[in-house]
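**Student:** The file below is coords.txt, compact mmCIF, C-alpha atoms:
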```
# COMPACT_ATOMS: atom_id res chain seq x y z
CA MET A 1 0.00 0.00 0.00
CA GLY A 2 2.41 2.69 1.26
CA ARG A 3 2.72 5.90 -0.69
CA PRO A 4 -0.35 5.65 -2.87
CA ALA A 5 -2.54 5.11 0.15
CA LEU A 6 -1.04 8.10 1.93
CA LEU A 7 -1.64 10.32 -1.08
CA LEU A 8 -5.18 8.99 -1.21
CA LEU A 9 -5.75 9.69 2.48
CA ALA A 10 -4.29 13.17 2.11
CA LEU A 11 -6.71 13.97 -0.66
CA CYS A 12 -9.61 12.60 1.34
CA ALA A 13 -8.60 14.49 4.47
CA ALA A 14 -8.35 17.65 2.40
CA GLY A 15 -12.05 17.16 1.75
CA ALA A 16 -13.41 15.43 -1.30
CA ARG A 17 -15.91 17.86 -2.71
CA GLY A 18 -18.95 15.61 -2.63
CA LEU A 19 -22.45 15.73 -1.24
CA TYR A 20 -22.76 14.29 2.25
CA PHE A 21 -25.47 13.68 4.82
CA HIS A 22 -25.75 12.44 8.37
CA ILE A 23 -27.22 9.12 9.31
CA GLY A 24 -28.13 7.65 12.68
CA GLU A 25 -27.01 4.23 13.82
CA THR A 26 -30.09 2.22 12.95
CA GLU A 27 -31.31 4.60 10.30
CA LYS A 28 -31.72 3.54 6.72
CA ARG A 29 -31.45 5.97 3.85
CA CYS A 30 -32.91 5.09 0.48
CA PHE A 31 -32.44 6.70 -2.89
CA ILE A 32 -34.46 6.01 -5.99
CA GLU A 33 -32.86 5.78 -9.42
CA GLU A 34 -35.23 5.63 -12.35
CA ILE A 35 -33.23 4.03 -15.14
CA PRO A 36 -33.76 2.26 -18.47
CA ASP A 37 -32.71 -1.38 -18.79
CA GLU A 38 -29.14 -2.59 -19.34
CA THR A 39 -27.77 0.47 -17.60
CA MET A 40 -24.83 0.27 -15.25
CA VAL A 41 -24.92 2.15 -11.97
CA ILE A 42 -21.84 2.72 -9.82
CA GLY A 43 -22.13 4.10 -6.32
CA ASN A 44 -19.23 5.35 -4.22
CA TYR A 45 -19.49 6.21 -0.56
CA ARG A 46 -17.14 7.24 2.21
CA THR A 47 -18.05 7.30 5.90
CA GLN A 48 -16.75 9.39 8.76
CA MET A 49 -17.63 8.97 12.39
CA TRP A 50 -18.30 11.72 14.89
CA ASP A 51 -15.74 11.79 17.70
CA LYS A 52 -17.45 13.13 20.82
CA GLN A 53 -14.29 14.14 22.68
CA LYS A 54 -12.60 16.02 19.90
CA GLU A 55 -15.97 17.20 18.50
CA VAL A 56 -14.82 16.55 14.99
CA PHE A 57 -15.41 13.97 12.31
CA LEU A 58 -12.68 11.34 12.13
CA PRO A 59 -11.19 11.00 8.65
CA SER A 60 -11.82 7.28 8.30
CA THR A 61 -13.46 4.58 10.35
CA PRO A 62 -11.98 1.10 10.17
CA GLY A 63 -14.28 -1.65 11.32
CA LEU A 64 -17.46 0.22 10.53
CA GLY A 65 -19.35 -1.08 7.56
CA MET A 66 -22.37 -0.17 5.52
CA HIS A 67 -24.93 -2.56 4.20
CA VAL A 68 -26.08 -1.76 0.68
CA GLU A 69 -29.30 -3.18 -0.69
CA VAL A 70 -30.62 -2.57 -4.20
CA LYS A 71 -34.14 -3.53 -5.28
CA ASP A 72 -35.42 -3.62 -8.84
CA PRO A 73 -38.80 -2.13 -9.91
CA GLU A 74 -40.60 -5.38 -9.05
CA GLY A 75 -39.19 -5.38 -5.54
CA LYS A 76 -36.73 -8.20 -6.15
CA VAL A 77 -33.36 -7.75 -4.46
CA VAL A 78 -30.62 -7.19 -7.03
CA LEU A 79 -27.72 -6.52 -4.68
CA SER A 80 -27.48 -7.04 -0.95
CA ARG A 81 -23.97 -6.81 0.40
CA GLN A 82 -21.90 -5.52 3.23
CA TYR A 83 -19.03 -3.17 2.44
CA GLY A 84 -16.35 -1.53 4.56
CA SER A 85 -16.35 2.04 5.76
CA ASP A 86 -15.42 3.16 2.22
CA GLY A 87 -17.12 1.23 -0.48
CA ARG A 88 -18.06 1.04 -4.08
CA PHE A 89 -21.04 -0.90 -5.34
CA THR A 90 -22.09 -1.66 -8.91
CA PHE A 91 -25.16 -3.13 -10.48
CA THR A 92 -26.72 -3.29 -13.91
CA SER A 93 -30.44 -2.93 -14.41
CA HIS A 94 -32.27 -5.62 -16.38
CA THR A 95 -35.73 -4.10 -16.24
CA PRO A 96 -36.50 -0.42 -16.75
CA GLY A 97 -37.98 1.43 -13.80
CA ASP A 98 -37.46 2.67 -10.26
CA HIS A 99 -34.54 0.97 -8.58
CA GLN A 100 -34.21 1.58 -4.87
CA ILE A 101 -30.74 1.87 -3.33
CA CYS A 102 -30.76 1.61 0.47
CA LEU A 103 -27.84 2.19 2.83
CA HIS A 104 -27.65 1.48 6.52
CA SER A 105 -24.77 0.98 8.89
CA ASN A 106 -24.03 -2.42 10.33
CA SER A 107 -22.61 -1.08 13.56
CA THR A 108 -23.13 -3.47 16.43
CA ARG A 109 -20.87 -1.67 18.88
CA MET A 110 -23.51 0.63 20.35
CA ALA A 111 -21.05 2.20 22.83
CA LEU A 112 -18.80 3.46 20.06
CA PHE A 113 -21.69 5.08 18.38
CA ALA A 114 -23.50 6.49 21.42
CA GLY A 115 -25.35 9.65 20.47
CA GLY A 116 -23.42 9.30 17.30
CA ARG A 117 -23.89 10.41 13.82
CA LEU A 118 -22.19 9.01 10.80
CA ARG A 119 -21.27 11.31 7.96
CA VAL A 120 -21.74 9.56 4.62
CA HIS A 121 -20.33 11.02 1.40
CA LEU A 122 -22.24 9.57 -1.51
CA ASP A 123 -21.88 9.68 -5.25
CA ILE A 124 -23.98 7.70 -7.70
CA GLN A 125 -23.03 7.50 -11.38
CA VAL A 126 -25.47 6.21 -13.94
CA GLY A 127 -25.01 4.99 -17.51
CA GLU A 128 -22.14 6.47 -19.48
CA HIS A 129 -21.02 8.50 -16.42
CA ALA A 130 -20.12 5.14 -14.91
CA ASN A 131 -17.57 4.37 -17.59
CA ASN A 132 -13.95 4.62 -16.57
CA TYR A 133 -12.41 6.34 -19.57
CA PRO A 134 -8.73 6.28 -18.49
CA GLU A 135 -9.10 2.52 -18.22
CA ILE A 136 -10.84 2.20 -21.58
CA ALA A 137 -8.23 4.42 -23.23
CA ALA A 138 -5.43 2.26 -21.85
CA LYS A 139 -7.10 -1.03 -22.72
CA ASP A 140 -8.01 -0.16 -26.32
CA LYS A 141 -4.99 2.10 -26.88
CA LEU A 142 -7.02 5.05 -28.05
CA THR A 143 -5.76 8.39 -29.26
CA GLU A 144 -7.40 11.55 -27.98
CA LEU A 145 -9.68 11.88 -30.98
CA GLN A 146 -10.75 8.26 -30.78
CA LEU A 147 -11.43 8.57 -27.08
CA ARG A 148 -13.54 11.67 -27.57
CA ALA A 149 -15.49 9.92 -30.33
CA ARG A 150 -16.02 6.92 -28.05
CA GLN A 151 -17.34 9.19 -25.30
CA LEU A 152 -19.76 10.81 -27.69
CA LEU A 153 -21.01 7.44 -28.87
CA ASP A 154 -21.60 6.30 -25.29
CA GLN A 155 -23.42 9.52 -24.48
CA VAL A 156 -25.70 9.26 -27.49
CA GLU A 157 -26.42 5.61 -26.73
CA GLN A 158 -27.47 6.50 -23.19
CA ILE A 159 -29.73 9.29 -24.42
CA GLN A 160 -31.32 6.90 -26.90
CA LYS A 161 -31.95 4.33 -24.17
CA GLU A 162 -33.59 6.97 -22.03
CA GLN A 163 -35.81 7.99 -24.94
CA ASP A 164 -36.93 4.40 -25.51
CA TYR A 165 -37.73 4.10 -21.84
CA GLN A 166 -39.59 7.39 -22.02
CA ARG A 167 -41.78 6.03 -24.81
CA TYR A 168 -42.61 2.95 -22.77
CA ARG A 169 -43.53 5.09 -19.75
CA GLU A 170 -45.62 7.47 -21.79
CA GLU A 171 -47.58 4.54 -23.18
CA ARG A 172 -48.27 3.24 -19.68
CA PHE A 173 -49.27 6.73 -18.63
CA ARG A 174 -51.66 7.03 -21.55
CA LEU A 175 -53.23 3.64 -20.77
CA THR A 176 -53.81 4.63 -17.15
CA SER A 177 -55.35 7.97 -18.16
CA GLU A 178 -57.65 6.35 -20.70
CA SER A 179 -58.65 3.66 -18.26
CA THR A 180 -59.46 6.31 -15.64
CA ASN A 181 -61.57 8.25 -18.12
CA GLN A 182 -63.44 5.12 -19.15
CA ARG A 183 -64.12 4.18 -15.57
CA VAL A 184 -65.40 7.65 -14.68
CA LEU A 185 -67.82 7.45 -17.59
CA TRP A 186 -69.07 3.95 -16.83
CA TRP A 187 -69.40 4.54 -13.11
CA SER A 188 -71.48 7.66 -13.74
CA ILE A 189 -73.82 5.82 -16.09
CA ALA A 190 -74.05 2.87 -13.72
CA GLN A 191 -74.81 5.16 -10.77
CA THR A 192 -77.56 6.93 -12.66
CA VAL A 193 -79.13 3.63 -13.70
CA ILE A 194 -78.91 2.27 -10.14
CA LEU A 195 -80.48 5.44 -8.75
CA ILE A 196 -83.39 5.19 -11.16
CA LEU A 197 -83.90 1.47 -10.52
CA THR A 198 -83.69 1.93 -6.77
CA GLY A 199 -86.24 4.73 -6.94
CA ILE A 200 -88.63 2.59 -8.95
CA TRP A 201 -88.16 -0.35 -6.58
CA GLN A 202 -88.76 1.84 -3.54
CA MET A 203 -91.99 3.25 -4.95
CA ARG A 204 -93.36 -0.12 -5.99
CA HIS A 205 -92.41 -1.83 -2.74
CA LEU A 206 -93.97 0.91 -0.62
CA LYS A 207 -97.08 0.99 -2.76
CA SER A 208 -97.60 -2.74 -2.43
CA PHE A 209 -96.87 -2.45 1.33
CA PHE A 210 -99.48 0.23 1.82
CA GLU A 211 -101.97 -1.70 -0.23
CA ALA A 212 -101.31 -4.80 1.84
CA LYS A 213 -101.83 -2.84 5.05
CA LYS A 214 -105.04 -1.45 3.59
CA LEU A 215 -103.98 2.19 3.99
CA VAL A 216 -104.45 3.08 0.33
CA MET B 1 -13.06 -1.12 -3.74
CA GLY B 2 -10.31 0.01 -6.10
CA ASP B 3 -8.28 -3.07 -5.24
CA LYS B 4 -7.18 -3.79 -8.78
CA ILE B 5 -5.32 -0.49 -8.97
CA TRP B 6 -2.84 -1.68 -6.35
CA LEU B 7 -1.94 -4.92 -8.17
CA PRO B 8 1.73 -4.94 -9.21
CA CYS B 9 1.10 -6.93 -12.39
CA PRO B 10 2.92 -5.61 -15.43
CA ALA B 11 -0.31 -5.51 -17.39
CA PHE B 12 -1.76 -3.05 -14.88
CA LEU B 13 1.40 -1.00 -14.52
CA LEU B 14 -0.01 1.81 -16.60
CA ALA B 15 -3.13 1.95 -14.46
CA THR B 16 -0.97 1.90 -11.32
CA LEU B 17 1.01 4.79 -12.77
CA PHE B 18 -2.20 6.79 -13.11
CA SER B 19 -3.12 6.14 -9.53
CA VAL B 20 0.26 6.97 -7.99
CA LEU B 21 0.69 10.22 -9.86
CA LEU B 22 -2.96 11.18 -9.62
CA PRO B 23 -4.58 9.88 -6.44
CA GLY B 24 -7.74 11.66 -7.41
CA ALA B 25 -8.43 9.16 -10.15
CA ALA B 26 -8.13 6.24 -7.74
CA ALA B 27 -10.20 7.77 -4.94
CA PHE B 28 -13.69 8.72 -5.79
CA THR B 29 -13.83 12.17 -7.33
CA PRO B 30 -17.51 13.00 -7.27
CA SER B 31 -18.97 14.37 -10.46
CA LEU B 32 -19.86 18.01 -10.76
CA ASP B 33 -23.55 17.43 -11.47
CA SER B 34 -25.52 15.00 -9.41
CA ASP B 35 -29.15 14.23 -8.90
CA PHE B 36 -30.89 12.17 -6.25
CA THR B 37 -34.43 10.95 -5.69
CA PHE B 38 -35.43 9.87 -2.21
CA THR B 39 -38.46 9.21 -0.04
CA LEU B 40 -39.10 11.54 2.88
CA PRO B 41 -41.41 9.94 5.48
CA ALA B 42 -44.19 11.94 7.09
CA GLY B 43 -43.18 14.26 9.92
CA GLN B 44 -39.48 14.12 9.14
CA LYS B 45 -36.79 16.44 7.92
CA GLU B 46 -33.70 15.48 5.95
CA CYS B 47 -30.63 17.57 5.28
CA PHE B 48 -27.82 17.31 2.79
CA TYR B 49 -24.49 19.11 2.74
CA GLN B 50 -22.32 20.19 -0.18
CA PRO B 51 -18.78 21.48 0.32
CA MET B 52 -18.00 24.40 -1.99
CA PRO B 53 -14.90 26.49 -2.74
CA LEU B 54 -14.88 30.28 -2.95
CA LYS B 55 -16.48 32.02 -5.92
CA ALA B 56 -18.02 28.91 -7.42
CA SER B 57 -21.67 28.64 -8.37
CA LEU B 58 -24.15 26.24 -6.82
CA GLU B 59 -27.47 25.64 -8.51
CA ILE B 60 -30.02 23.48 -6.80
CA GLU B 61 -33.28 22.38 -8.34
CA TYR B 62 -35.88 20.25 -6.58
CA GLN B 63 -39.30 18.79 -7.37
CA VAL B 64 -41.80 16.85 -5.35
CA LEU B 65 -42.73 13.79 -7.40
CA ASP B 66 -45.25 11.98 -5.21
CA GLY B 67 -47.23 12.33 -1.99
CA ALA B 68 -50.56 13.97 -1.08
CA GLY B 69 -50.25 17.74 -1.61
CA LEU B 70 -47.04 17.48 -3.67
CA ASP B 71 -45.44 20.16 -1.51
CA ILE B 72 -42.43 20.44 0.75
CA ASP B 73 -40.57 23.05 2.80
CA PHE B 74 -37.10 23.89 1.53
CA HIS B 75 -34.28 25.56 3.42
CA LEU B 76 -30.80 26.51 2.19
CA ALA B 77 -28.15 27.73 4.63
CA SER B 78 -24.67 29.12 4.06
CA PRO B 79 -21.58 27.67 5.83
CA GLU B 80 -21.98 30.24 8.64
CA GLY B 81 -25.55 29.11 9.27
CA ARG B 82 -27.21 32.11 7.65
CA THR B 83 -30.47 31.24 5.87
CA LEU B 84 -30.21 31.99 2.17
CA VAL B 85 -33.47 30.50 0.98
CA PHE B 86 -36.56 29.51 2.94
CA GLU B 87 -39.57 28.26 1.02
CA GLN B 88 -42.71 26.77 2.44
CA ARG B 89 -45.12 24.32 0.83
CA LYS B 90 -43.69 24.61 -2.65
CA SER B 91 -43.86 21.79 -5.20
CA ASP B 92 -40.71 22.72 -7.09
CA GLY B 93 -37.96 25.33 -7.05
CA VAL B 94 -34.67 26.45 -8.56
CA HIS B 95 -32.00 28.43 -6.72
CA THR B 96 -28.53 29.59 -7.71
CA VAL B 97 -26.01 30.97 -5.26
CA GLU B 98 -22.52 32.41 -5.64
CA THR B 99 -20.61 30.46 -3.03
CA GLU B 100 -18.21 31.13 -0.20
CA ASP B 101 -15.78 28.54 1.07
CA GLY B 102 -17.46 25.93 3.26
CA ASP B 103 -20.28 23.45 3.54
CA TYR B 104 -23.68 24.52 2.31
CA MET B 105 -26.64 22.81 3.94
CA PHE B 106 -30.03 22.32 2.35
CA CYS B 107 -32.99 20.67 4.01
CA PHE B 108 -36.32 19.25 2.96
CA ASP B 109 -38.92 19.46 5.69
CA ASN B 110 -42.03 17.27 5.72
CA THR B 111 -42.99 17.90 9.38
CA PHE B 112 -46.21 19.69 8.44
CA SER B 113 -47.63 16.45 7.05
CA THR B 114 -48.68 13.75 9.49
CA ILE B 115 -49.62 10.93 7.16
CA SER B 116 -48.20 11.34 3.69
CA GLU B 117 -44.65 10.60 2.70
CA LYS B 118 -43.13 12.54 -0.15
CA VAL B 119 -40.82 11.49 -2.96
CA ILE B 120 -38.39 14.30 -3.68
CA PHE B 121 -36.06 14.74 -6.62
CA PHE B 122 -33.21 17.24 -6.40
CA GLU B 123 -30.34 18.15 -8.66
CA LEU B 124 -27.11 19.97 -7.93
CA ILE B 125 -25.21 21.75 -10.67
CA LEU B 126 -21.79 23.03 -9.69
CA ASP B 127 -19.84 25.49 -11.82
CA ASN B 128 -16.44 27.17 -11.65
CA MET B 129 -15.16 24.60 -9.24
CA GLY B 130 -11.62 25.51 -10.32
CA GLU B 131 -9.07 22.81 -9.68
CA GLN B 132 -11.73 20.10 -9.93
CA GLU B 133 -12.13 20.59 -13.65
CA GLN B 134 -8.37 20.42 -14.13
CA GLU B 135 -8.20 17.06 -12.34
CA GLN B 136 -10.97 15.59 -14.42
CA GLU B 137 -9.26 16.46 -17.72
CA ASP B 138 -5.75 15.41 -16.63
CA TRP B 139 -6.30 11.82 -17.75
CA LYS B 140 -6.01 13.06 -21.31
CA LYS B 141 -2.26 13.04 -20.79
CA TYR B 142 -2.28 9.28 -20.36
CA ILE B 143 -3.62 8.23 -23.71
CA THR B 144 -1.39 6.33 -26.10
CA GLY B 145 -0.41 7.20 -29.63
CA THR B 146 -0.72 10.42 -31.52
CA ASP B 147 -3.17 11.62 -34.06
CA MET B 148 -1.96 12.60 -37.53
CA LEU B 149 -2.99 15.81 -39.29
CA ASP B 150 -2.14 18.24 -36.48
CA MET B 151 -3.59 21.29 -38.20
CA LYS B 152 -7.08 19.94 -38.86
CA LEU B 153 -7.10 18.08 -35.57
CA GLU B 154 -7.63 21.35 -33.71
CA ASP B 155 -10.86 22.06 -35.59
CA ILE B 156 -12.12 18.53 -35.20
CA LEU B 157 -11.40 18.53 -31.50
CA GLU B 158 -13.15 21.85 -31.08
CA SER B 159 -16.31 20.64 -32.74
CA ILE B 160 -16.20 17.41 -30.79
CA ASN B 161 -15.93 19.33 -27.53
CA SER B 162 -18.89 21.44 -28.55
CA ILE B 163 -20.91 18.34 -29.41
CA LYS B 164 -20.08 16.81 -26.05
CA ALA B 165 -21.22 19.93 -24.21
CA ARG B 166 -24.49 19.98 -26.11
CA LEU B 167 -25.12 16.32 -25.54
CA SER B 168 -24.58 16.86 -21.83
CA LYS B 169 -27.22 19.53 -21.97
CA SER B 170 -29.58 17.12 -23.77
CA GLY B 171 -28.96 14.54 -21.10
CA HIS B 172 -29.65 17.13 -18.46
CA ILE B 173 -32.93 18.17 -20.10
CA GLN B 174 -33.91 14.54 -20.29
CA THR B 175 -33.42 14.20 -16.56
CA LEU B 176 -35.69 17.17 -15.99
CA LEU B 177 -38.35 15.83 -18.30
CA ARG B 178 -38.17 12.49 -16.60
CA ALA B 179 -38.84 14.12 -13.24
CA PHE B 180 -41.83 16.04 -14.61
CA GLU B 181 -43.24 12.93 -16.23
CA ALA B 182 -42.79 10.85 -13.10
CA ARG B 183 -44.76 13.42 -11.14
CA ASP B 184 -47.58 13.54 -13.69
CA ARG B 185 -47.74 9.79 -13.80
CA ASN B 186 -47.97 9.56 -10.02
CA ILE B 187 -50.79 12.12 -10.01
CA GLN B 188 -52.69 10.09 -12.58
CA GLU B 189 -52.23 6.82 -10.76
CA SER B 190 -53.50 8.28 -7.54
CA ASN B 191 -56.48 9.75 -9.45
CA PHE B 192 -57.24 6.31 -10.78
CA ASP B 193 -57.19 4.79 -7.31
CA ARG B 194 -59.33 7.56 -5.90
CA VAL B 195 -61.97 7.29 -8.65
CA ASN B 196 -62.26 3.55 -8.04
CA PHE B 197 -62.48 3.84 -4.30
CA TRP B 198 -65.02 6.65 -4.08
CA SER B 199 -67.23 5.13 -6.75
CA MET B 200 -67.47 1.91 -4.77
CA VAL B 201 -68.19 3.84 -1.58
CA ASN B 202 -70.85 5.85 -3.40
CA LEU B 203 -72.54 2.71 -4.69
CA VAL B 204 -72.58 0.99 -1.32
CA VAL B 205 -73.90 4.12 0.42
CA MET B 206 -76.71 4.52 -2.11
CA VAL B 207 -77.89 0.94 -1.77
CA VAL B 208 -77.68 0.94 2.00
CA VAL B 209 -79.52 4.27 2.32
CA SER B 210 -82.39 3.18 0.10
CA ALA B 211 -82.80 -0.08 2.00
CA ILE B 212 -82.77 1.75 5.34
CA GLN B 213 -85.37 4.25 4.11
CA VAL B 214 -87.75 1.54 3.06
CA TYR B 215 -87.44 -0.52 6.23
CA MET B 216 -87.74 2.51 8.48
CA LEU B 217 -90.97 3.50 6.86
CA LYS B 218 -92.25 -0.02 7.20
CA SER B 219 -91.36 -0.18 10.87
CA LEU B 220 -93.16 3.13 11.51
CA PHE B 221 -96.40 1.71 10.23
CA GLU B 222 -96.06 -1.60 12.02
CA ASP B 223 -95.72 0.06 15.41
CA LYS B 224 -98.88 2.09 14.80
CA ARG B 225 -100.74 -1.07 14.00
CA LYS B 226 -99.68 -2.67 17.26
CA SER B 227 -100.57 0.38 19.35
CA ARG B 228 -104.06 0.49 17.82
CA THR B 229 -105.00 -3.06 18.85
```
Output the file's structure in the form of structure tokens.
**Tutor:**
Amino acid sequence: MGRPALLLLALCAAGARGLYFHIGETEKRCFIEEIPDETMVIGNYRTQMWDKQKEVFLPSTPGLGMHVEVKDPEGKVVLSRQYGSDGRFTFTSHTPGDHQICLHSNSTRMALFAGGRLRVHLDIQVGEHANNYPEIAAKDKLTELQLRARQLLDQVEQIQKEQDYQRYREERFRLTSESTNQRVLWWSIAQTVILILTGIWQMRHLKSFFEAKKLV
Amino acid sequence: MGDKIWLPCPAFLLATLFSVLLPGAAAFTPSLDSDFTFTLPAGQKECFYQPMPLKASLEIEYQVLDGAGLDIDFHLASPEGRTLVFEQRKSDGVHTVETEDGDYMFCFDNTFSTISEKVIFFELILDNMGEQEQEQEDWKKYITGTDMLDMKLEDILESINSIKARLSKSGHIQTLLRAFEARDRNIQESNFDRVNFWSMVNLVVMVVVSAIQVYMLKSLFEDKRKSRT
């Protein structure tokens, strides 16, 4: 490890410029990603623990892990794994729709965490943002122009996938709207008919009742 | 977890070189634009923090996608704790601030609602982040080979850069449209459920009321009969 790890730590201590939030010990935070199918999602997180004595957030927390659970639109679990205090999770969607990414800490040492908050830095990359271009450039030995062209192709492909997904959603939306309209119409007609029939039944029943009781 | 970067295999030497000279590429360097969608349970408040350098620009856009009144309270505070934006019961909003150095906090507050949970989408667009942009483009130095035709290459590269910027904008607009559509779809689905439910209730109430009316009238007359004899 050695030098690279130190450089890494230095950069992290300097403050990676990412969004963060605070989470309680047993709390679970969920994020929803609405994505088309065959899309790769990469999530990176970093955790810091609150040190009560020094009143500061410790730069890294060995031994503290986060449990990551990803559910697909049908509710089926796609990924359910434990990671360390800094982790990176990846999954690829096979059905289009709302995927739910949930994070919660697996801390069992309640004393360590007493009154504690955990600071979680989170970054989620979807689709072509998830591609690691330095790696692709090295693997395929691309020149700058070729790499730029490759990036453009990936970007356009992602936009096209989103558009296809958008068409599928719009169709579902239209079906629901039309079904609602139909039902409003049929319910109104049915209610009117029932009202009329009930009125007729009431009148006839009462009339025959009065006649039977010899009041009319 | 970035393990493969530390492997000393010759095949990965180039990748290792990247990581030693540029730790940023090995750690996670968060992207400049990010969006998140999350569920906010009833009666709760959730806050997010974004560290910013001096003289950068932070744009935050949020929308409520699902949940009863489709409204939420929004609060944006500067690193010193001063409130920059405070909005109540809004269904969407856009705010841009010129930043100071420090952590900006923004909160979504659903405490006014006791039963309905809200689904909130928000997007952060960061500009002029300075050294961040440099880091992200540094990997260009590590590509292999050279391109021929140096003179025309400049023009081609310029147009490619412009295309990339425009495609990013298209992608961004798509994200916005997706959020709008998701909200409309949720409204429609809840309409559908409501129409079904209240129609059934209406039907049952009508039938029950008419039956009660008839039997009440009948019982009135029967009592009179009994009292007479």
**Student:** Distance CA of Asp92 (chain B)-CA of Phe180 (chain B), one decimal place?
**Tutor:**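 One can read the CA of Asp92 (chain B) to CA of Phe180 (chain B) distance as 10.1 Å.
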**Student:** Please report, as a Markdown table, each residue of chain A lying at most 8 Å from chain B, together with the nearest pair of atoms and the separation in Å rounded to one decimal; use all atoms listed in the file, and order rows by chain and ascending residue number.
**Tutor:**
```
| residue | atom | partner | partner_atom | distance |
| --- | --- | --- | --- | --- |
| A:Met1 | CA | B:Trp6 | CA | 7.2 |
| A:Arg3 | CA | B:Val20 | CA | 7.8 |
| A:Pro4 | CA | B:Val20 | CA | 5.3 |
| A:Leu7 | CA | B:Pro23 | CA | 6.1 |
| A:Leu8 | CA | B:Pro23 | CA | 5.3 |
| A:Leu11 | CA | B:Gly24 | CA | 7.2 |
| A:Cys12 | CA | B:Ala27 | CA | 7.9 |
| A:Ala16 | CA | B:Thr29 | CA | 6.9 |
| A:Arg17 | CA | B:Pro51 | CA | 5.5 |
| A:Gly18 | CA | B:Pro30 | CA | 5.5 |
| A:Leu19 | CA | B:Gln50 | CA | 4.6 |
| A:Tyr20 | CA | B:Tyr49 | CA | 5.1 |
| A:Phe21 | CA | B:Phe48 | CA | 4.8 |
| A:His22 | CA | B:Phe48 | CA | 7.7 |
| A:Cys30 | CA | B:Phe38 | CA | 6.0 |
| A:Phe31 | CA | B:Phe38 | CA | 4.4 |
| A:Ile32 | CA | B:Thr37 | CA | 4.9 |
| A:Glu33 | CA | B:Thr37 | CA | 6.6 |
| A:Asn44 | CA | B:Phe28 | CA | 6.7 |
| A:Asp86 | CA | B:Met1 | CA | 7.7 |
| A:Gly87 | CA | B:Met1 | CA | 5.7 |
| A:Arg88 | CA | B:Met1 | CA | 5.5 |
| A:Asp123 | CA | B:Pro30 | CA | 5.8 |
| A:Ile124 | CA | B:Ser34 | CA | 7.7 |
| A:Pro134 | CA | B:Trp139 | CA | 6.1 |
| A:Glu135 | CA | B:Ala15 | CA | 7.1 |
| A:Ala137 | CA | B:Ile143 | CA | 6.0 |
| A:Ala138 | CA | B:Ile143 | CA | 6.5 |
| A:Lys141 | CA | B:Thr144 | CA | 5.6 |
| A:Leu142 | CA | B:Thr144 | CA | 6.1 |
| A:Thr143 | CA | B:Gly145 | CA | 5.5 |
| A:Glu144 | CA | B:Ile143 | CA | 6.6 |
| A:Leu145 | CA | B:Leu157 | CA | 6.9 |
| A:Arg148 | CA | B:Ile160 | CA | 7.1 |
| A:Ala149 | CA | B:Ile160 | CA | 7.5 |
| A:Leu152 | CA | B:Lys164 | CA | 6.2 |
| A:Gln155 | CA | B:Leu167 | CA | 7.1 |
| A:Val156 | CA | B:Leu167 | CA | 7.3 |
| A:Ile159 | CA | B:Gly171 | CA | 6.3 |
| A:Glu162 | CA | B:Gln174 | CA | 7.8 |
| A:Gln166 | CA | B:Arg178 | CA | 7.6 |
| A:Phe173 | CA | B:Arg185 | CA | 5.9 |
| A:Thr176 | CA | B:Glu189 | CA | 6.9 |
| A:Ser177 | CA | B:Gln188 | CA | 6.5 |
| A:Thr180 | CA | B:Phe192 | CA | 5.3 |
| A:Arg183 | CA | B:Asn196 | CA | 7.8 |
| A:Val184 | CA | B:Val195 | CA | 6.9 |
| A:Trp187 | CA | B:Ser199 | CA | 6.7 |
| A:Gln191 | CA | B:Leu203 | CA | 6.9 |
| A:Leu195 | CA | B:Met206 | CA | 7.7 |
| A:Thr198 | CA | B:Ser210 | CA | 7.1 |
| A:Gln202 | CA | B:Val214 | CA | 6.7 |
| A:Leu206 | CA | B:Val214 | CA | 7.3 |
| A:Phe209 | CA | B:Lys218 | CA | 7.9 |
```
**Student:** Have a look at CA of Val97 (chain B) and CA of Asp73 (chain B) and let me know their distance in Å, one decimal.
**Tutor:**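 It comes out at 18.4 Å.
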**Student:** Quick one, how far is CA of Phe108 (chain B) from CA of Gln44 (chain B)?
**Tutor:**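 It comes out at 8.6 Å.
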**Student:** List as a PyMOL selection string the protein and nucleic acid residues near Trp50 (chain A), meaning an atom at most 6 Å away when only C-alpha atoms are counted, but skip any in the same chain fewer than 4 places from it.
**Tutor:** chain A and resi 56-57+117
**Student:** Counting only C-alpha atoms, which residue out of B:Leu54, B:Val85, B:Ile187, B:Leu126 sits closest to Gly69 (chain B)?
**Tutor:**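 When distances to Gly69 (chain B) are compared using only C-alpha atoms, the smallest one comes from B:Ile187.
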